[in-house]
>>> print(open('query10.pdb').read())   # PDB, C-alpha atoms and all ligand atoms
ATOM      1  CA  MET A   1     -35.382  -3.869 -11.651
ATOM      2  CA  LYS A   2     -38.410  -4.914  -9.585
ATOM      3  CA  LYS A   3     -37.808  -7.487  -6.870
ATOM      4  CA  LEU A   4     -40.239 -10.159  -5.702
ATOM      5  CA  ILE A   5     -41.125  -9.756  -2.023
ATOM      6  CA  ILE A   6     -43.237 -12.443  -0.419
ATOM      7  CA  ALA A   7     -44.883 -12.195   3.000
ATOM      8  CA  ASN A   8     -45.105 -15.519   4.821
ATOM      9  CA  TRP A   9     -47.636 -15.004   7.604
ATOM     10  CA  LYS A  10     -47.274 -18.627   8.773
ATOM     11  CA  LEU A  11     -49.931 -19.443  11.386
ATOM     12  CA  ASN A  12     -50.820 -15.781  11.996
ATOM     13  CA  PRO A  13     -52.949 -13.891  12.771
ATOM     14  CA  THR A  14     -55.540 -15.818  14.767
ATOM     15  CA  THR A  15     -58.705 -14.151  13.463
ATOM     16  CA  LEU A  16     -60.029 -13.368   9.985
ATOM     17  CA  LYS A  17     -60.660  -9.754  11.012
ATOM     18  CA  GLU A  18     -57.024  -9.259  11.966
ATOM     19  CA  ALA A  19     -55.881 -10.896   8.719
ATOM     20  CA  GLN A  20     -58.058  -8.545   6.665
ATOM     21  CA  LYS A  21     -56.850  -5.545   8.673
ATOM     22  CA  LEU A  22     -53.243  -6.581   8.109
ATOM     23  CA  ALA A  23     -53.743  -6.919   4.342
ATOM     24  CA  THR A  24     -55.418  -3.500   4.228
ATOM     25  CA  ALA A  25     -52.439  -1.948   6.001
ATOM     26  CA  ILE A  26     -49.935  -3.197   3.401
ATOM     27  CA  ASN A  27     -49.187  -0.679   0.642
ATOM     28  CA  ARG A  28     -50.168  -1.418  -2.948
ATOM     29  CA  THR A  29     -46.743  -0.391  -4.190
ATOM     30  CA  LYS A  30     -45.522  -0.480  -7.784
ATOM     31  CA  LYS A  31     -41.865  -0.463  -6.764
ATOM     32  CA  ASN A  32     -41.709  -4.227  -6.280
ATOM     33  CA  THR A  33     -43.892  -7.287  -6.892
ATOM     34  CA  VAL A  34     -45.491  -8.092  -3.537
ATOM     35  CA  VAL A  35     -47.294 -11.320  -2.631
ATOM     36  CA  LEU A  36     -49.098 -11.945   0.659
ATOM     37  CA  CYS A  37     -49.292 -15.569   1.854
ATOM     38  CA  PRO A  38     -51.888 -15.787   4.613
ATOM     39  CA  PRO A  39     -52.977 -19.048   6.268
ATOM     40  CA  THR A  40     -55.012 -21.211   3.877
ATOM     41  CA  ILE A  41     -58.250 -20.643   5.759
ATOM     42  CA  TYR A  42     -58.149 -16.905   4.948
ATOM     43  CA  LEU A  43     -57.134 -17.211   1.299
ATOM     44  CA  SER A  44     -60.519 -16.386  -0.159
ATOM     45  CA  GLN A  45     -61.103 -13.432   2.120
ATOM     46  CA  VAL A  46     -57.856 -11.513   2.124
ATOM     47  CA  GLN A  47     -57.865  -8.752  -0.482
ATOM     48  CA  TYR A  48     -54.541  -7.900  -2.079
ATOM     49  CA  PRO A  49     -53.407  -7.741  -5.727
ATOM     50  CA  LEU A  50     -51.284 -10.907  -5.387
ATOM     51  CA  VAL A  51     -52.096 -13.603  -2.859
ATOM     52  CA  GLY A  52     -50.151 -16.839  -2.417
ATOM     53  CA  SER A  53     -50.617 -20.014  -0.409
ATOM     54  CA  GLN A  54     -48.260 -21.599   2.114
ATOM     55  CA  ASP A  55     -48.614 -25.073   0.610
ATOM     56  CA  CYS A  56     -50.032 -26.932  -2.396
ATOM     57  CA  PHE A  57     -50.824 -30.647  -2.369
ATOM     58  CA  TRP A  58     -49.807 -32.866  -5.288
ATOM     59  CA  GLU A  59     -53.231 -34.395  -5.910
ATOM     60  CA  GLU A  60     -56.089 -32.454  -7.466
ATOM     61  CA  LYS A  61     -58.920 -34.006  -5.475
ATOM     62  CA  GLY A  62     -59.992 -37.078  -3.547
ATOM     63  CA  ALA A  63     -59.481 -38.697  -0.168
ATOM     64  CA  PHE A  64     -56.727 -36.475   1.236
ATOM     65  CA  THR A  65     -57.948 -35.032   4.514
ATOM     66  CA  GLY A  66     -56.658 -31.602   5.411
ATOM     67  CA  GLN A  67     -54.858 -30.846   2.131
ATOM     68  CA  VAL A  68     -55.273 -27.954  -0.280
ATOM     69  CA  SER A  69     -55.358 -28.804  -3.959
ATOM     70  CA  PRO A  70     -53.802 -26.866  -6.834
ATOM     71  CA  LEU A  71     -57.218 -26.739  -8.496
ATOM     72  CA  GLN A  72     -58.743 -25.144  -5.403
ATOM     73  CA  LEU A  73     -55.917 -22.609  -5.311
ATOM     74  CA  LYS A  74     -56.360 -21.908  -9.010
ATOM     75  CA  SER A  75     -60.071 -21.321  -8.504
ATOM     76  CA  LEU A  76     -59.149 -18.564  -6.022
ATOM     77  CA  LYS A  77     -56.669 -17.056  -8.533
ATOM     78  CA  ILE A  78     -53.694 -17.921  -6.348
ATOM     79  CA  LYS A  79     -50.517 -17.285  -8.331
ATOM     80  CA  TYR A  80     -47.751 -18.443  -5.945
ATOM     81  CA  SER A  81     -47.342 -21.339  -3.490
ATOM     82  CA  ILE A  82     -44.644 -21.653  -0.863
ATOM     83  CA  ILE A  83     -43.414 -25.264  -0.969
ATOM     84  CA  GLY A  84     -40.869 -27.103   1.173
ATOM     85  CA  HIS A  85     -40.588 -24.519   3.921
ATOM     86  CA  SER A  86     -38.187 -25.567   6.714
ATOM     87  CA  GLU A  87     -41.113 -25.711   9.097
ATOM     88  CA  MET A  88     -42.745 -28.321   6.817
ATOM     89  CA  ARG A  89     -39.511 -30.209   6.196
ATOM     90  CA  GLY A  90     -39.053 -30.222   9.979
ATOM     91  CA  ILE A  91     -42.290 -32.172  10.390
ATOM     92  CA  GLY A  92     -41.482 -34.695   7.704
ATOM     93  CA  GLU A  93     -41.914 -33.161   4.261
ATOM     94  CA  SER A  94     -39.427 -34.932   1.986
ATOM     95  CA  ASP A  95     -37.764 -33.759  -1.203
ATOM     96  CA  GLU A  96     -39.957 -36.247  -3.108
ATOM     97  CA  MET A  97     -43.034 -34.522  -1.702
ATOM     98  CA  VAL A  98     -41.628 -31.086  -2.530
ATOM     99  CA  ASN A  99     -40.980 -32.281  -6.077
ATOM    100  CA  ALA A 100     -44.527 -33.638  -6.474
ATOM    101  CA  LYS A 101     -46.025 -30.437  -5.079
ATOM    102  CA  ALA A 102     -43.908 -28.229  -7.349
ATOM    103  CA  LYS A 103     -45.008 -30.209 -10.408
ATOM    104  CA  ALA A 104     -48.665 -30.042  -9.396
ATOM    105  CA  ALA A 105     -48.505 -26.293  -8.813
ATOM    106  CA  LEU A 106     -46.782 -25.648 -12.149
ATOM    107  CA  SER A 107     -49.230 -27.765 -14.076
ATOM    108  CA  HIS A 108     -51.993 -25.419 -12.906
ATOM    109  CA  GLY A 109     -50.181 -22.169 -13.588
ATOM    110  CA  ILE A 110     -49.116 -21.580  -9.973
ATOM    111  CA  THR A 111     -45.499 -20.549  -9.407
ATOM    112  CA  PRO A 112     -43.891 -22.730  -6.741
ATOM    113  CA  VAL A 113     -41.644 -20.881  -4.301
ATOM    114  CA  ILE A 114     -39.404 -23.767  -3.279
ATOM    115  CA  CYS A 115     -37.664 -23.169   0.030
ATOM    116  CA  VAL A 116     -34.240 -24.681   0.639
ATOM    117  CA  GLY A 117     -31.707 -24.361   3.410
ATOM    118  CA  PHE A 118     -33.084 -26.845   5.922
ATOM    119  CA  GLY A 119     -30.131 -28.643   7.478
ATOM    120  CA  THR A 120     -27.611 -25.856   6.947
ATOM    121  CA  THR A 121     -25.634 -24.516   9.907
ATOM    122  CA  VAL A 122     -24.137 -21.141  10.671
ATOM    123  CA  GLU A 123     -20.598 -22.595  10.758
ATOM    124  CA  GLN A 124     -20.698 -23.920   7.174
ATOM    125  CA  ASP A 125     -18.737 -22.239   4.397
ATOM    126  CA  ASP A 126     -20.251 -21.506   0.987
ATOM    127  CA  LEU A 127     -19.210 -24.885  -0.438
ATOM    128  CA  GLU A 128     -20.710 -26.862   2.444
ATOM    129  CA  VAL A 129     -23.942 -24.898   2.142
ATOM    130  CA  THR A 130     -24.209 -25.482  -1.602
ATOM    131  CA  ASP A 131     -23.622 -29.212  -0.980
ATOM    132  CA  VAL A 132     -26.696 -29.285   1.280
ATOM    133  CA  LEU A 133     -28.711 -27.304  -1.253
ATOM    134  CA  LYS A 134     -27.646 -29.646  -4.058
ATOM    135  CA  GLN A 135     -29.061 -32.631  -2.192
ATOM    136  CA  GLN A 136     -32.372 -30.813  -1.823
ATOM    137  CA  LEU A 137     -32.655 -29.205  -5.237
ATOM    138  CA  ASP A 138     -31.462 -32.188  -7.323
ATOM    139  CA  MET A 139     -34.631 -33.943  -6.116
ATOM    140  CA  ASP A 140     -36.918 -30.928  -5.639
ATOM    141  CA  LEU A 141     -36.364 -29.889  -9.265
ATOM    142  CA  LYS A 142     -36.282 -33.359 -10.861
ATOM    143  CA  ASN A 143     -38.216 -33.175 -14.162
ATOM    144  CA  VAL A 144     -39.384 -29.681 -13.272
ATOM    145  CA  ASN A 145     -39.032 -26.706 -15.621
ATOM    146  CA  ALA A 146     -36.685 -24.832 -13.296
ATOM    147  CA  SER A 147     -36.988 -21.600 -15.270
ATOM    148  CA  LYS A 148     -40.603 -21.375 -14.071
ATOM    149  CA  VAL A 149     -39.997 -21.780 -10.338
ATOM    150  CA  VAL A 150     -38.778 -19.397  -7.673
ATOM    151  CA  VAL A 151     -36.268 -20.731  -5.140
ATOM    152  CA  ALA A 152     -36.060 -19.158  -1.689
ATOM    153  CA  TYR A 153     -32.762 -19.714   0.094
ATOM    154  CA  GLU A 154     -33.537 -19.713   3.793
ATOM    155  CA  PRO A 155     -30.701 -20.897   6.030
ATOM    156  CA  VAL A 156     -32.657 -22.614   8.776
ATOM    157  CA  TRP A 157     -30.557 -21.048  11.552
ATOM    158  CA  ALA A 158     -31.623 -17.602  10.353
ATOM    159  CA  ILE A 159     -35.375 -18.234  10.417
ATOM    160  CA  GLY A 160     -37.088 -16.335  13.198
ATOM    161  CA  THR A 161     -33.844 -15.982  15.152
ATOM    162  CA  GLY A 162     -32.728 -12.430  14.447
ATOM    163  CA  LYS A 163     -29.515 -13.907  13.000
ATOM    164  CA  VAL A 164     -29.037 -13.132   9.350
ATOM    165  CA  ALA A 165     -26.778 -14.437   6.565
ATOM    166  CA  SER A 166     -24.532 -11.945   4.814
ATOM    167  CA  PRO A 167     -25.783 -10.434   1.544
ATOM    168  CA  GLU A 168     -22.559 -11.619  -0.122
ATOM    169  CA  HIS A 169     -23.261 -15.204   0.940
ATOM    170  CA  ALA A 170     -26.830 -14.933  -0.372
ATOM    171  CA  GLU A 171     -25.442 -13.607  -3.672
ATOM    172  CA  THR A 172     -23.030 -16.553  -3.949
ATOM    173  CA  VAL A 173     -25.863 -18.993  -3.302
ATOM    174  CA  GLY A 174     -28.079 -17.155  -5.806
ATOM    175  CA  ILE A 175     -25.429 -17.527  -8.520
ATOM    176  CA  PHE A 176     -24.955 -21.218  -7.667
ATOM    177  CA  ILE A 177     -28.676 -22.019  -7.889
ATOM    178  CA  LYS A 178     -29.129 -20.128 -11.155
ATOM    179  CA  ASN A 179     -26.077 -21.633 -12.834
ATOM    180  CA  ARG A 180     -26.676 -25.218 -11.762
ATOM    181  CA  TYR A 181     -30.431 -25.442 -12.305
ATOM    182  CA  GLY A 182     -31.433 -22.667 -14.688
ATOM    183  CA  VAL A 183     -33.612 -21.063 -12.034
ATOM    184  CA  LYS A 184     -34.335 -17.410 -12.898
ATOM    185  CA  LYS A 185     -35.319 -16.016  -9.508
ATOM    186  CA  VAL A 186     -33.702 -16.710  -6.147
ATOM    187  CA  LEU A 187     -34.965 -15.051  -2.966
ATOM    188  CA  TYR A 188     -33.341 -14.748   0.437
ATOM    189  CA  GLY A 189     -35.277 -15.396   3.635
ATOM    190  CA  GLY A 190     -34.426 -15.547   7.326
ATOM    191  CA  SER A 191     -34.772 -12.685   9.804
ATOM    192  CA  VAL A 192     -35.207 -10.049   7.105
ATOM    193  CA  ASN A 193     -36.113  -6.655   8.591
ATOM    194  CA  PRO A 194     -36.136  -3.016   7.433
ATOM    195  CA  THR A 195     -32.542  -2.559   8.575
ATOM    196  CA  ASN A 196     -30.966  -5.496   6.721
ATOM    197  CA  ALA A 197     -33.313  -5.818   3.689
ATOM    198  CA  LYS A 198     -31.521  -3.298   1.469
ATOM    199  CA  GLY A 199     -28.236  -5.233   1.660
ATOM    200  CA  PHE A 200     -29.955  -8.245   0.083
ATOM    201  CA  LEU A 201     -31.993  -6.274  -2.418
ATOM    202  CA  ASP A 202     -28.808  -4.624  -3.688
ATOM    203  CA  GLN A 203     -27.398  -8.012  -4.766
ATOM    204  CA  ARG A 204     -27.770  -8.714  -8.461
ATOM    205  CA  ASN A 205     -28.558 -12.423  -7.973
ATOM    206  CA  VAL A 206     -30.886 -12.002  -5.017
ATOM    207  CA  ASP A 207     -34.166 -11.368  -6.800
ATOM    208  CA  GLY A 208     -36.239 -10.672  -3.727
ATOM    209  CA  LEU A 209     -37.120 -11.668  -0.191
ATOM    210  CA  LEU A 210     -39.262 -14.121   1.746
ATOM    211  CA  VAL A 211     -40.266 -12.314   4.921
ATOM    212  CA  GLY A 212     -41.818 -13.922   7.984
ATOM    213  CA  GLY A 213     -41.943 -12.005  11.270
ATOM    214  CA  ALA A 214     -41.462  -8.549   9.750
ATOM    215  CA  SER A 215     -44.351  -9.111   7.326
ATOM    216  CA  LEU A 216     -46.779  -9.095  10.262
ATOM    217  CA  ILE A 217     -45.795  -5.539  11.221
ATOM    218  CA  PRO A 218     -47.180  -3.201   8.534
ATOM    219  CA  SER A 219     -44.723  -0.357   9.201
ATOM    220  CA  TYR A 220     -41.785  -2.781   8.818
ATOM    221  CA  PHE A 221     -43.147  -4.580   5.776
ATOM    222  CA  ASN A 222     -44.161  -1.339   4.033
ATOM    223  CA  GLU A 223     -40.651  -0.021   4.477
ATOM    224  CA  ILE A 224     -39.195  -3.198   2.945
ATOM    225  CA  ILE A 225     -41.512  -3.304  -0.065
ATOM    226  CA  ASN A 226     -40.933   0.372  -0.856
ATOM    227  CA  MET A 227     -37.132   0.067  -1.020
TER     228      MET A 227
HETATM  229  P1  LIG B   1     -38.530 -14.874   9.418
HETATM  230  O1  LIG B   1     -39.164 -16.081   8.615
HETATM  231  O2  LIG B   1     -38.486 -13.684   8.495
HETATM  232  O3  LIG B   1     -39.451 -14.654  10.581
HETATM  233  O4  LIG B   1     -37.153 -15.287   9.841
HETATM  234  C1  LIG B   1     -38.881 -16.293   7.258
HETATM  235  C2  LIG B   1     -39.526 -17.555   6.774
HETATM  236  O5  LIG B   1     -39.590 -18.534   7.538
HETATM  237  O6  LIG B   1     -40.003 -17.633   5.637
END
>>> encode(input="query10.pdb", output="structure tokens", more="lines below")
Ligand code: PGA
Amino acid sequence: MKKLIIANWKLNPTTLKEAQKLATAINRTKKNTVVLCPPTIYLSQVQYPLVGSQDCFWEEKGAFTGQVSPLQLKSLKIKYSIIGHSEMRGIGESDEMVNAKAKAALSHGITPVICVGFGTTVEQDDLEVTDVLKQQLDMDLKNVNASKVVVAYEPVWAIGTGKVASPEHAETVGIFIKNRYGVKKVLYGGSVNPTNAKGFLDQRNVDGLLVGGASLIPSYFNEIINM
């Protein structure tokens, strides 16, 4: 079964040339479905079979300085949008905003990749974690066709820290999200690297990975996407 592996480049790299070089260095593998999410400014100039955006605004057009509209993304054939990343929630993105963005993306044929896990801590047990996720997803998925979205579970303490959740915990969370909301695909993200990726990919209810730091190193990312 193919997994969905999404590269989140965040605010990297700092030149278009480097971004294009990075995309060229990533294998066009058939083993998994691979999506590259470069910074918005490079979206039209990064060549890869599947390209995604790191955000999608809820309005189509108008007086909204600095935003990127679902229609603009659609015109570039963007198929996936990361929405509600911890780094956006950390600067004020609310669940209401995530919900509006997810609806806008879906209405234009873009699959939202809704990130949850902001506010979780390493000490929490499975039940405490799912309580946090419930608060986010009850609103994020309000009046949304959940079978059409991807949810990425990213415990915030694992993002960019080198600390990773256990594959068994990710599996438990995957089952919870699918059963409660009817979501079909749940990804794990947070310090994924070539050494720990297989443990997650082997889980039946972890349908793929959202990879940050390791997606900027072609040898690492190629190893992950060819597993
Ligand atoms: P990381 O980031 O792989 O560098 O931990 C993941 C993410 O924030 O999506």
>>> residues_around(input="query10.pdb", residues="segment 50-60 of chain A", least_positions_apart="3", cutoff="6 Å", atoms="only C-alpha atoms", output="ChimeraX atom specification")
/A:35-37,68-71,78-83,100-101,104
>>> closest_atom_pairs(input="query10.pdb", of="chain A", to="ligand LIG 1 (chain B)", cutoff="9 Å", atoms="all atoms listed in the file", output="tab-separated table")
residue	atom	partner	partner_atom	distance
A:Ile6	CA	B:LIG1	O6	8.6
A:Ala7	CA	B:LIG1	O6	7.8
A:Asn8	CA	B:LIG1	O6	5.6
A:Trp9	CA	B:LIG1	O6	8.3
A:Lys10	CA	B:LIG1	O5	7.8
A:Ile82	CA	B:LIG1	O6	8.9
A:His85	CA	B:LIG1	O5	7.1
A:Ser86	CA	B:LIG1	O5	7.2
A:Glu87	CA	B:LIG1	O5	7.5
A:Cys115	CA	B:LIG1	O6	8.2
A:Ala152	CA	B:LIG1	O6	8.5
A:Glu154	CA	B:LIG1	C2	7.0
A:Val156	CA	B:LIG1	O5	8.1
A:Trp157	CA	B:LIG1	O4	8.9
A:Ala158	CA	B:LIG1	O4	6.0
A:Ile159	CA	B:LIG1	O4	3.5
A:Gly160	CA	B:LIG1	O4	3.5
A:Thr161	CA	B:LIG1	O4	6.3
A:Gly162	CA	B:LIG1	O4	7.0
A:Lys163	CA	B:LIG1	O4	8.4
A:Val164	CA	B:LIG1	O4	8.4
A:Tyr188	CA	B:LIG1	C1	8.9
A:Gly189	CA	B:LIG1	C1	5.2
A:Gly190	CA	B:LIG1	O4	3.7
A:Ser191	CA	B:LIG1	O4	3.5
A:Val192	CA	B:LIG1	O2	5.1
A:Asn193	CA	B:LIG1	O2	7.4
A:Leu209	CA	B:LIG1	O6	8.8
A:Leu210	CA	B:LIG1	O6	5.3
A:Val211	CA	B:LIG1	O2	4.2
A:Gly212	CA	B:LIG1	O2	3.4
A:Gly213	CA	B:LIG1	O3	3.7
A:Ala214	CA	B:LIG1	O2	6.1
A:Ser215	CA	B:LIG1	O2	7.5
>>> resolve_selection(input="query10.pdb", expression="the PyMOL selection byres (((chain A and resi 185) around 9) and not hetatm)", output="ChimeraX atom specification")
/A:4,147-152,174,178,183-184,186-187,205-208
>>> resolve_selection(input="query10.pdb", expression="the PyMOL selection byres (((chain A and resi 30) around 12) and not hetatm)", output="ChimeraX atom specification")
/A:1-5,27-29,31-34,49,222,225-227
>>> closest_residue(input="query10.pdb", among="A:Ala25, A:Leu127, A:Val46, A:Leu137", to="His169 of chain A", atoms="all atoms listed in the file")
A:Leu127
>>> atom_distance(input="query10.pdb", atom1="atom CA of Pro38 of chain A", atom2="atom CA of Val113 of chain A")
14.5 Å
>>> resolve_selection(input="query10.pdb", expression="the PyMOL selection byres (((chain A and resi 121-126) around 9) and not hetatm)", output="ChimeraX atom specification")
/A:117-120,127-131,155-158,165,169,172-173
>>> atom_distance(input="query10.pdb", atom1="atom CA of Ala170 of chain A", atom2="atom CA of Leu216 of chain A")
23.3 Å
>>> atom_distance(input="query10.pdb", atom1="atom CA of Lys134 of chain A", atom2="atom CA of Ser94 of chain A")
14.3 Å
>>> residues_around(input="query10.pdb", residues="Pro194 of chain A", least_positions_apart="6", cutoff="8 Å", atoms="all atoms listed in the file", output="PyMOL selection string")
chain A and resi 220-221+223-224
>>> closest_residue(input="query10.pdb", among="A:Asn12, A:Ser44, A:Asn145, A:Ser166", to="Ile217 of chain A", atoms="all atoms listed in the file")
A:Asn12
>>> closest_residue(input="query10.pdb", among="A:Pro13, A:Tyr42, A:Ala23, A:Pro167", to="Asn196 of chain A", atoms="all atoms listed in the file")
A:Pro167
>>> closest_residue(input="query10.pdb", among="A:Lys198, A:Glu168, A:Leu106, A:Arg180", to="Asp138 of chain A", atoms="all atoms listed in the file")
A:Arg180
>>> decode(input="query10.pdb", residues="segment 142-156 of chain A", atoms="N, CA, C and O atoms", output="compact mmCIF listing (two decimals), in the first residue's frame")
# COMPACT_ATOMS: atom_id res chain seq x y z
N LYS A 142 -15.49 21.03 11.27
CA LYS A 142 -16.92 21.36 11.33
C LYS A 142 -17.47 21.61 9.92
O LYS A 142 -16.94 22.45 9.17
N ASN A 143 -18.50 20.87 9.55
CA ASN A 143 -19.12 20.97 8.22
C ASN A 143 -18.14 20.75 7.07
O ASN A 143 -18.28 21.32 5.99
N VAL A 144 -17.14 19.95 7.34
CA VAL A 144 -16.16 19.60 6.31
C VAL A 144 -16.34 18.11 5.99
O VAL A 144 -16.57 17.32 6.91
N ASN A 145 -16.23 17.75 4.72
CA ASN A 145 -16.27 16.34 4.34
C ASN A 145 -14.93 15.70 4.73
O ASN A 145 -13.97 15.74 3.98
N ALA A 146 -14.93 15.12 5.95
CA ALA A 146 -13.67 14.64 6.53
C ALA A 146 -13.02 13.54 5.70
O ALA A 146 -11.80 13.34 5.76
N SER A 147 -13.83 12.83 4.90
CA SER A 147 -13.24 11.75 4.11
C SER A 147 -12.34 12.29 3.00
O SER A 147 -11.57 11.56 2.40
N LYS A 148 -12.42 13.60 2.77
CA LYS A 148 -11.62 14.20 1.68
C LYS A 148 -10.37 14.93 2.18
O LYS A 148 -9.63 15.50 1.38
N VAL A 149 -10.19 14.98 3.50
CA VAL A 149 -9.02 15.70 4.01
C VAL A 149 -7.97 14.71 4.51
O VAL A 149 -8.26 13.55 4.77
N VAL A 150 -6.75 15.20 4.60
CA VAL A 150 -5.68 14.45 5.24
C VAL A 150 -5.42 15.15 6.57
O VAL A 150 -5.43 16.37 6.64
N VAL A 151 -5.23 14.37 7.64
CA VAL A 151 -4.85 14.98 8.92
C VAL A 151 -3.43 14.55 9.25
O VAL A 151 -3.07 13.38 9.12
N ALA A 152 -2.60 15.52 9.61
CA ALA A 152 -1.23 15.21 10.03
C ALA A 152 -1.13 15.42 11.53
O ALA A 152 -1.35 16.53 12.02
N TYR A 153 -0.84 14.33 12.24
CA TYR A 153 -0.65 14.43 13.69
C TYR A 153 0.82 14.76 13.94
O TYR A 153 1.71 13.97 13.63
N GLU A 154 1.02 15.97 14.46
CA GLU A 154 2.38 16.43 14.74
C GLU A 154 2.45 16.94 16.18
O GLU A 154 2.13 18.10 16.45
N PRO A 155 2.85 16.06 17.12
CA PRO A 155 3.01 16.54 18.49
C PRO A 155 4.02 17.69 18.49
O PRO A 155 5.13 17.53 17.96
N VAL A 156 3.62 18.83 19.04
CA VAL A 156 4.43 20.03 18.85
C VAL A 156 5.83 19.88 19.46
O VAL A 156 6.80 20.41 18.92
